[in-house]
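Trainee: So that you have it, the file is coords-v3.cif, and it contains mmCIF, C-alpha atoms:
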data_protein
#
loop_
_atom_site.group_PDB
_atom_site.id
_atom_site.type_symbol
_atom_site.label_atom_id
_atom_site.label_comp_id
_atom_site.auth_asym_id
_atom_site.auth_seq_id
_atom_site.Cartn_x
_atom_site.Cartn_y
_atom_site.Cartn_z
ATOM 1 C CA ALA E 1 -4.895 108.286 -108.625
ATOM 2 C CA PHE E 2 -7.109 107.883 -105.560
ATOM 3 C CA ALA E 3 -10.091 107.040 -107.761
ATOM 4 C CA ASP E 4 -8.011 104.435 -109.631
ATOM 5 C CA VAL E 5 -7.005 102.776 -106.361
ATOM 6 C CA GLN E 6 -10.618 102.729 -105.194
ATOM 7 C CA GLN E 7 -11.787 101.252 -108.484
ATOM 8 C CA ARG E 8 -9.146 98.496 -108.352
ATOM 9 C CA ALA E 9 -10.164 97.695 -104.779
ATOM 10 C CA ILE E 10 -13.814 97.362 -105.829
ATOM 11 C CA GLU E 11 -12.880 95.152 -108.786
ATOM 12 C CA MET E 12 -10.614 92.960 -106.642
ATOM 13 C CA GLY E 13 -13.348 92.634 -104.022
ATOM 14 C CA ASP E 14 -15.836 91.501 -106.641
ATOM 15 C CA MET E 15 -13.321 89.025 -108.072
ATOM 16 C CA VAL E 16 -12.602 87.519 -104.653
ATOM 17 C CA ASP E 17 -16.306 87.263 -103.810
ATOM 18 C CA THR E 18 -16.993 85.455 -107.083
ATOM 19 C CA ALA E 19 -14.045 83.119 -106.612
ATOM 20 C CA MET E 20 -15.149 82.147 -103.112
ATOM 21 C CA GLU E 21 -18.702 81.524 -104.299
ATOM 22 C CA ASN E 22 -17.400 79.138 -106.981
ATOM 23 C CA SER E 23 -14.839 77.365 -104.776
ATOM 24 C CA GLN E 24 -15.127 74.154 -102.788
ATOM 25 C CA PRO E 25 -17.410 74.852 -99.803
ATOM 26 C CA ILE E 26 -16.133 74.276 -96.276
ATOM 27 C CA THR E 27 -18.580 72.396 -94.100
ATOM 28 C CA PHE E 28 -16.532 72.358 -90.892
ATOM 29 C CA PRO E 29 -18.143 74.718 -88.349
ATOM 30 C CA PHE E 30 -15.711 77.369 -87.121
ATOM 31 C CA ASP E 31 -15.800 78.976 -83.707
ATOM 32 C CA GLU E 32 -17.487 82.372 -84.001
ATOM 33 C CA SER E 33 -14.814 84.315 -82.150
ATOM 34 C CA ARG E 34 -13.008 87.182 -83.880
ATOM 35 C CA LEU E 35 -10.013 84.917 -84.568
ATOM 36 C CA GLY E 36 -12.222 82.040 -85.680
ATOM 37 C CA ILE E 37 -14.014 84.258 -88.216
ATOM 38 C CA GLN E 38 -10.691 85.517 -89.582
ATOM 39 C CA LEU E 39 -9.366 81.971 -90.010
ATOM 40 C CA GLN E 40 -12.612 80.871 -91.645
ATOM 41 C CA THR E 41 -12.131 83.631 -94.234
ATOM 42 C CA VAL E 42 -8.545 82.467 -94.804
ATOM 43 C CA ALA E 43 -9.802 78.904 -95.292
ATOM 44 C CA ARG E 44 -12.307 80.116 -97.892
ATOM 45 C CA LEU E 45 -9.570 82.042 -99.734
ATOM 46 C CA ILE E 46 -7.368 78.938 -99.759
ATOM 47 C CA SER E 47 -10.316 76.985 -101.121
ATOM 48 C CA ALA E 48 -10.581 79.573 -103.931
ATOM 49 C CA ARG E 49 -6.860 79.478 -104.764
ATOM 50 C CA ASP E 50 -7.374 77.994 -108.244
ATOM 51 C CA GLU E 51 -10.040 80.525 -109.176
ATOM 52 C CA LEU E 52 -7.770 83.312 -107.902
ATOM 53 C CA GLN E 53 -4.788 81.759 -109.746
ATOM 54 C CA MET E 54 -2.714 81.766 -106.566
ATOM 55 C CA LYS E 55 0.182 79.326 -106.141
ATOM 56 C CA ARG E 56 1.565 80.762 -102.904
ATOM 57 C CA GLN E 57 -0.373 82.753 -100.364
ATOM 58 C CA ILE E 58 0.485 84.441 -97.066
ATOM 59 C CA PHE E 59 -2.295 85.497 -94.701
ATOM 60 C CA PHE E 60 -2.098 87.555 -91.518
ATOM 61 C CA VAL E 61 -4.696 87.273 -88.782
ATOM 62 C CA GLY E 62 -4.505 88.702 -85.309
ATOM 63 C CA MET E 63 -5.989 88.679 -81.854
ATOM 64 C CA GLY E 64 -5.332 91.148 -79.093
ATOM 65 C CA GLY E 65 -5.687 91.115 -75.345
ATOM 66 C CA PHE E 66 -2.394 89.458 -74.357
ATOM 67 C CA ASP E 67 -0.933 92.679 -72.960
ATOM 68 C CA THR E 68 -2.078 91.503 -69.545
ATOM 69 C CA HIS E 69 -0.888 94.171 -67.166
ATOM 70 C CA ASP E 70 -4.283 93.803 -65.483
ATOM 71 C CA ASN E 71 -6.786 91.018 -64.795
ATOM 72 C CA GLN E 72 -4.434 88.338 -66.143
ATOM 73 C CA ASN E 73 -5.917 85.449 -64.165
ATOM 74 C CA GLU E 74 -9.370 86.256 -65.532
ATOM 75 C CA THR E 75 -8.523 87.071 -69.159
ATOM 76 C CA GLN E 76 -5.601 84.861 -70.155
ATOM 77 C CA PRO E 77 -7.339 81.442 -69.892
ATOM 78 C CA GLY E 78 -10.069 82.620 -72.269
ATOM 79 C CA LEU E 79 -7.510 83.968 -74.731
ATOM 80 C CA PHE E 80 -5.636 80.672 -74.829
ATOM 81 C CA ALA E 81 -8.888 78.728 -75.198
ATOM 82 C CA ASP E 82 -9.923 80.916 -78.150
ATOM 83 C CA LEU E 83 -6.515 80.473 -79.785
ATOM 84 C CA SER E 84 -6.649 76.704 -79.299
ATOM 85 C CA ARG E 85 -10.187 76.298 -80.669
ATOM 86 C CA SER E 86 -9.612 78.572 -83.642
ATOM 87 C CA ILE E 87 -6.375 76.908 -84.758
ATOM 88 C CA SER E 88 -7.921 73.460 -84.252
ATOM 89 C CA ASP E 89 -10.887 74.459 -86.424
ATOM 90 C CA PHE E 90 -8.585 75.829 -89.104
ATOM 91 C CA ASN E 91 -6.491 72.648 -89.141
ATOM 92 C CA ALA E 92 -9.675 70.584 -89.508
ATOM 93 C CA ALA E 93 -10.748 72.752 -92.452
ATOM 94 C CA MET E 94 -7.353 72.246 -94.125
ATOM 95 C CA GLN E 95 -7.820 68.496 -93.743
ATOM 96 C CA GLU E 96 -11.271 68.799 -95.313
ATOM 97 C CA LEU E 97 -9.824 70.713 -98.278
ATOM 98 C CA GLY E 98 -7.002 68.180 -98.661
ATOM 99 C CA VAL E 99 -4.252 70.804 -98.370
ATOM 100 C CA ALA E 100 -2.970 70.225 -94.838
ATOM 101 C CA GLU E 101 0.515 69.256 -96.072
ATOM 102 C CA SER E 102 0.798 72.564 -97.950
ATOM 103 C CA VAL E 103 -0.425 74.937 -95.212
ATOM 104 C CA THR E 104 1.581 75.963 -92.168
ATOM 105 C CA THR E 105 0.108 78.111 -89.400
ATOM 106 C CA PHE E 106 2.379 79.860 -86.909
ATOM 107 C CA THR E 107 2.091 82.402 -84.139
ATOM 108 C CA ALA E 108 4.277 85.455 -83.632
ATOM 109 C CA SER E 109 4.459 88.061 -80.882
ATOM 110 C CA GLU E 110 6.790 90.958 -80.247
ATOM 111 C CA PHE E 111 7.101 90.387 -76.509
ATOM 112 C CA GLY E 112 6.651 87.813 -73.760
ATOM 113 C CA ARG E 113 5.612 88.315 -70.143
ATOM 114 C CA THR E 114 7.588 88.614 -66.929
ATOM 115 C CA LEU E 115 7.718 85.972 -64.205
ATOM 116 C CA THR E 116 6.941 88.639 -61.635
ATOM 117 C CA SER E 117 3.484 90.009 -60.923
ATOM 118 C CA ASN E 118 2.617 93.688 -60.748
ATOM 119 C CA GLY E 119 -0.202 92.804 -58.359
ATOM 120 C CA ASP E 120 -2.865 92.210 -61.002
ATOM 121 C CA GLY E 121 -0.976 90.849 -63.999
ATOM 122 C CA THR E 122 2.470 90.744 -65.597
ATOM 123 C CA ASP E 123 4.588 93.204 -67.517
ATOM 124 C CA HIS E 124 6.501 93.098 -70.803
ATOM 125 C CA GLY E 125 9.147 90.375 -71.021
ATOM 126 C CA TRP E 126 11.529 88.955 -73.604
ATOM 127 C CA GLY E 127 11.381 85.191 -74.154
ATOM 128 C CA GLY E 128 8.127 83.478 -75.074
ATOM 129 C CA ILE E 129 6.682 80.381 -76.717
ATOM 130 C CA GLN E 130 5.298 80.171 -80.256
ATOM 131 C CA LEU E 131 3.102 77.514 -81.883
ATOM 132 C CA VAL E 132 3.518 75.992 -85.349
ATOM 133 C CA THR E 133 0.928 73.612 -86.832
ATOM 134 C CA GLY E 134 0.238 71.952 -90.165
ATOM 135 C CA GLY E 135 0.808 68.765 -92.091
ATOM 136 C CA ALA E 136 4.438 69.632 -92.852
ATOM 137 C CA VAL E 137 5.287 70.267 -89.183
ATOM 138 C CA GLN E 138 7.287 67.740 -87.205
ATOM 139 C CA GLY E 139 4.940 68.245 -84.306
ATOM 140 C CA ARG E 140 4.443 67.098 -80.730
ATOM 141 C CA ARG E 141 7.941 68.396 -80.013
ATOM 142 C CA LEU E 142 9.473 71.306 -78.156
ATOM 143 C CA TYR E 143 12.206 73.152 -80.024
ATOM 144 C CA GLY E 144 14.691 75.048 -77.908
ATOM 145 C CA ASP E 145 15.216 74.649 -74.171
ATOM 146 C CA TYR E 146 12.243 75.209 -71.905
ATOM 147 C CA PRO E 147 13.306 77.854 -69.376
ATOM 148 C CA GLU E 148 13.554 77.397 -65.642
ATOM 149 C CA LEU E 149 10.638 79.459 -64.383
ATOM 150 C CA SER E 150 12.270 80.855 -61.279
ATOM 151 C CA MET E 151 13.530 84.226 -60.157
ATOM 152 C CA GLY E 152 17.310 84.236 -60.096
ATOM 153 C CA GLY E 153 17.446 81.127 -62.310
ATOM 154 C CA PRO E 154 19.865 80.714 -65.211
ATOM 155 C CA ASP E 155 17.365 82.040 -67.780
ATOM 156 C CA GLU E 156 16.090 85.043 -65.807
ATOM 157 C CA VAL E 157 17.433 88.576 -65.883
ATOM 158 C CA SER E 158 16.265 91.670 -64.047
ATOM 159 C CA GLY E 159 12.542 92.077 -63.470
ATOM 160 C CA GLY E 160 11.642 88.459 -64.139
ATOM 161 C CA ARG E 161 12.406 88.625 -67.842
ATOM 162 C CA LEU E 162 13.469 85.392 -69.550
ATOM 163 C CA ILE E 163 16.296 85.161 -72.079
ATOM 164 C CA PRO E 164 15.072 83.151 -75.112
ATOM 165 C CA THR E 165 17.111 80.121 -76.142
ATOM 166 C CA LEU E 166 16.233 80.532 -79.842
ATOM 167 C CA SER E 167 16.060 83.746 -81.836
ATOM 168 C CA ALA E 168 13.221 85.168 -83.888
ATOM 169 C CA ASP E 169 15.631 85.107 -86.848
ATOM 170 C CA GLN E 170 16.071 81.327 -86.566
ATOM 171 C CA TYR E 171 12.304 80.913 -86.330
ATOM 172 C CA VAL E 172 11.663 83.111 -89.372
ATOM 173 C CA ALA E 173 14.485 81.537 -91.389
ATOM 174 C CA THR E 174 13.079 78.048 -90.813
ATOM 175 C CA LEU E 175 9.609 79.112 -91.971
ATOM 176 C CA SER E 176 11.082 80.989 -94.951
ATOM 177 C CA LYS E 177 13.114 77.982 -96.089
ATOM 178 C CA TRP E 178 9.955 75.851 -96.137
ATOM 179 C CA PHE E 179 8.210 78.575 -98.135
ATOM 180 C CA GLY E 180 10.945 78.430 -100.760
ATOM 181 C CA VAL E 181 13.357 81.238 -99.883
ATOM 182 C CA ALA E 182 16.893 80.425 -101.045
ATOM 183 C CA ASP E 183 19.716 80.288 -98.496
ATOM 184 C CA GLU E 184 21.436 83.317 -100.001
ATOM 185 C CA ASN E 185 18.289 85.406 -99.509
ATOM 186 C CA LEU E 186 17.568 84.495 -95.891
ATOM 187 C CA GLY E 187 19.550 87.483 -94.627
ATOM 188 C CA GLN E 188 17.075 89.847 -96.269
ATOM 189 C CA ILE E 189 14.260 88.351 -94.187
ATOM 190 C CA ALA E 190 16.179 87.447 -91.011
ATOM 191 C CA PRO E 191 18.981 90.051 -90.863
ATOM 192 C CA ASN E 192 20.629 88.560 -87.766
ATOM 193 C CA ILE E 193 20.660 84.938 -88.979
ATOM 194 C CA GLY E 194 24.418 85.124 -89.622
ATOM 195 C CA ASN E 195 24.977 85.276 -85.856
ATOM 196 C CA PHE E 196 23.664 81.712 -85.400
ATOM 197 C CA ASP E 197 25.189 78.390 -86.438
ATOM 198 C CA GLU E 198 21.789 76.699 -86.524
ATOM 199 C CA LYS E 199 19.852 78.472 -89.245
ATOM 200 C CA ASN E 200 17.165 75.830 -89.749
ATOM 201 C CA LEU E 201 15.522 74.585 -86.559
ATOM 202 C CA GLY E 202 14.127 71.517 -88.332
ATOM 203 C CA PHE E 203 10.485 71.748 -87.308
ATOM 204 C CA LEU E 204 9.285 71.676 -90.946
ATOM 205 C CA ILE E 205 9.686 68.790 -93.378
#
Please re-express this file's structure in structure tokens.
Mentor:
Amino acid sequence: AFADVQQRAIEMGDMVDTAMENSQPITFPFDESRLGIQLQTVARLISARDELQMKRQIFFVGMGGFDTHDNQNETQPGLFADLSRSISDFNAAMQELGVAESVTTFTASEFGRTLTSNGDGTDHGWGGIQLVTGGAVQGRRLYGDYPELSMGGPDEVSGGRLIPTLSADQYVATLSKWFGVADENLGQIAPNIGNFDEKNLGFLI
């Protein structure tokens, strides 16, 4: 069984390599950061979608370093700059391929950061901000209420943690609806969506 899995992996790798070689080339120069290289690979796979006979694709890429308990002032600006450049490059590549309306890119994180400092950074929080980009996004808008960034404010609880004004379930349900998930199946993906009246946040056309 192990040998069969290995053989299938080798065959799939060869198939993907061939498909990317025969697909529309991408001329836009990507940033050579770890995230930029990952998104460039995703762009090449999207370019090879016909050769791979793919109608719908989901890709996961990741970048670390945001667990800024230490050295936050030094590390966080570079992380945000990398994220901004890499997503901008990817969006430009989608425009080049003519598929921008069909590709949505979004961020996700399991925790935010506290308002309070531990002396060299911040600790784990609750609420945070996510980014969604793509041709189908009703962009240049802020969805949800931006919190008051003050200790003792209406959105802060103990330790400088912020209560989010929108749930991860609403966020996921909105993305899933755009991807084609039927209303009756949303609960399988966003199990707490029944607790919210607003199930579609409206940031996707």
Trainee: What's around segment 77-84 of chain E at 9 Å? Count all atoms listed in the file, leave out sequence neighbours fewer than 6 positions away in its own chain, and write the answer as number ranges by chain.
Mentor: E: 31, 33, 35-36, 63-66
Trainee: Using all atoms listed in the file, which of E:Val137, E:Val99, E:Ala182, E:Met151 sits nearest Gly202 of chain E?
Mentor: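 Of E:Val137, E:Val99, E:Ala182, E:Met151, the one nearest Gly202 of chain E is E:Val137, counting all atoms listed in the file.
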Trainee: Counting only C-alpha atoms, figure out which residue out of E:Leu149, E:Val172, E:Ile205, E:Leu115 gets nearest to Gly134 of chain E.
Mentor: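 Using only C-alpha atoms, the shortest distance to Gly134 of chain E belongs to E:Ile205.
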Trainee: Using all atoms listed in the file, find each residue in segment 18-123 of chain E having at least one atom no more than 8 Å away from segment 158-166 of chain E; report its shortest atom-to-atom pair and that distance in Å (one decimal), rows by chain then rising number, as CSV.
Mentor:
residue,atom,partner,partner_atom,distance
E:Arg113,CA,E:Arg161,CA,7.2
E:Thr114,CA,E:Arg161,CA,4.9
E:Leu115,CA,E:Gly160,CA,4.6
E:Thr116,CA,E:Gly160,CA,5.3
Trainee: Generate a file of the selected residues that holds C-alpha atoms, formatted as a PDB file, in the coordinates of the input.
Mentor:
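selection_6.pdb was written with the following content:
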ATOM      1  CA  ARG E 113       5.612  88.315 -70.143  1.00  0.00           C
ATOM      2  CA  THR E 114       7.588  88.614 -66.929  1.00  0.00           C
ATOM      3  CA  LEU E 115       7.718  85.972 -64.205  1.00  0.00           C
ATOM      4  CA  THR E 116       6.941  88.639 -61.635  1.00  0.00           C
TER       5      THR E 116
END
Trainee: Can you work out the spacing between atom CA of Ile87 of chain E and atom CA of Tyr171 of chain E in Å, to one decimal?
Mentor: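 Result for atom CA of Ile87 of chain E versus atom CA of Tyr171 of chain E: 19.2 Å, one decimal.
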Trainee: Show which residues sit within 10 Å of Gly135 of chain E, as a PDB file with C-alpha atoms, in the frame of the given file. Count all atoms listed in the file, and ignore same-chain residues fewer than 5 positions away.
Mentor:
ATOM      1  CA  ASN E  91      -6.491  72.648 -89.141  1.00  0.00           C
ATOM      2  CA  MET E  94      -7.353  72.246 -94.125  1.00  0.00           C
ATOM      3  CA  GLN E  95      -7.820  68.496 -93.743  1.00  0.00           C
ATOM      4  CA  VAL E  99      -4.252  70.804 -98.370  1.00  0.00           C
ATOM      5  CA  ALA E 100      -2.970  70.225 -94.838  1.00  0.00           C
ATOM      6  CA  GLU E 101       0.515  69.256 -96.072  1.00  0.00           C
ATOM      7  CA  SER E 102       0.798  72.564 -97.950  1.00  0.00           C
ATOM      8  CA  VAL E 103      -0.425  74.937 -95.212  1.00  0.00           C
ATOM      9  CA  THR E 104       1.581  75.963 -92.168  1.00  0.00           C
ATOM     10  CA  THR E 105       0.108  78.111 -89.400  1.00  0.00           C
ATOM     11  CA  LEU E 204       9.285  71.676 -90.946  1.00  0.00           C
ATOM     12  CA  ILE E 205       9.686  68.790 -93.378  1.00  0.00           C
TER      13      ILE E 205
END
